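Engineer: Quick one: the structure is below, and I'll ask about it shortly.
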Amino acid sequence: MSVLAELRGFVLIHRPCGVLRGNRDQQTAAGCRLWIQCPCGARFERWLASDETDADALSAALRLFER
């Protein structure tokens with residue numbers, strides 16, 4: 001399963017819990033760490049390699065959660 005598919009699943013499951021917050025670490029040549037925190041305490045955290053197929057789509061999706 002791709003990281004993007006995992007993120008979508010997490011959001012669908014936890015959207016009813018309330019506002020999801022997220023961010024990403026500083027981008028490096030290798031990639032960055034993505035995370036989303038749910039009010040219920042669940043946390044989605046994955047490494048996104050720069051050369052990953054879904055990198056651009058994931059970065060765009062994560063911008064919706066950045067504080």
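The chains in the structure tokens are called A, B, ... from first to last as shown; in each chain the residues are counted from 1, and the ligands are counted from 1 in the order shown.
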List the neighbours of Pro39 in chain A out to 8 Å using only C-alpha atoms; skip same-chain residues closer than 4 positions along the sequence, and give me the result as a short mmCIF file (atom, residue, chain, number, x, y, z; two decimals) with C-alpha atoms, in the first residue's frame.

Structural biologist:
```
data_model
loop_
_atom_site.label_atom_id
_atom_site.label_comp_id
_atom_site.auth_asym_id
_atom_site.auth_seq_id
_atom_site.Cartn_x
_atom_site.Cartn_y
_atom_site.Cartn_z
CA CYS A 17 -12.80 12.68 15.74
CA GLY A 18 -12.30 16.38 15.02
CA VAL A 19 -9.67 18.59 13.43
CA LEU A 20 -6.58 16.70 12.29
#
```

Engineer: Would you return as number ranges by chain the members of chain A that DSSP assigns to strand (DSSP E or B) on this structure's backbone?

Structural biologist: A: 21-24, 31-37, 43-49, 66

Engineer: Do you know which residues are at most 6 Å from range 22-36 of chain A counting only C-alpha atoms, after dropping those on the same chain fewer than 6 positions away, and could you put them as an MDAnalysis selection string?

Structural biologist: chainID A and resid 43:50 65:66

Engineer: Save the residues we just selected, N, CA and C atoms, as a CSV table (one decimal), in the first residue's frame?

Structural biologist:
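Writing the result to out_13.csv gives the following:
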```
chain,number,residue,atom,x,y,z
A,43,ARG,N,-1.8,8.7,15.7
A,43,ARG,CA,-0.8,9.5,14.9
A,43,ARG,C,-0.4,8.8,13.7
A,44,PHE,N,-0.4,9.5,12.6
A,44,PHE,CA,0.1,8.9,11.3
A,44,PHE,C,1.5,9.6,11.1
A,45,GLU,N,2.5,8.7,10.9
A,45,GLU,CA,3.8,9.2,10.8
A,45,GLU,C,4.6,8.3,9.8
A,46,ARG,N,5.1,8.9,8.7
A,46,ARG,CA,5.8,8.1,7.7
A,46,ARG,C,6.9,9.0,7.1
A,47,TRP,N,7.9,8.2,6.6
A,47,TRP,CA,9.0,8.9,5.9
A,47,TRP,C,8.6,8.9,4.4
A,48,LEU,N,8.8,10.1,3.8
A,48,LEU,CA,8.5,10.2,2.4
A,48,LEU,C,9.8,10.5,1.7
A,49,ALA,N,10.3,9.5,1.0
A,49,ALA,CA,11.5,9.7,0.2
A,49,ALA,C,11.3,10.6,-1.0
A,50,SER,N,12.3,11.4,-1.3
A,50,SER,CA,12.2,12.4,-2.4
A,50,SER,C,11.8,11.8,-3.7
A,65,PHE,N,-3.1,20.0,6.1
A,65,PHE,CA,-3.0,19.8,7.5
A,65,PHE,C,-2.0,20.7,8.2
A,66,GLU,N,-1.1,21.4,7.5
A,66,GLU,CA,-0.1,22.2,8.1
A,66,GLU,C,-0.7,23.3,8.9
```

Engineer: Taking the chain letters and numbering used in this document, name the residues of chain A that DSSP puts in alpha helix (DSSP H), as a list of chain:residue names.

Structural biologist: A:Val3, A:Leu4, A:Ala5, A:Glu6, A:Leu7, A:Arg8, A:Gly9, A:Phe10, A:Val11, A:Leu12, A:Ile13, A:His14, A:Ala55, A:Asp56, A:Ala57, A:Leu58, A:Ser59, A:Ala60, A:Ala61, A:Leu62, A:Arg63

Engineer: For Val3 in chain A, which of A:Ser59, A:Asp54, A:Leu64, A:Pro16 is the closest residue, counting only C-alpha atoms?

Structural biologist: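 The shortest atom-to-atom distance to Val3 in chain A comes from A:Asp54.
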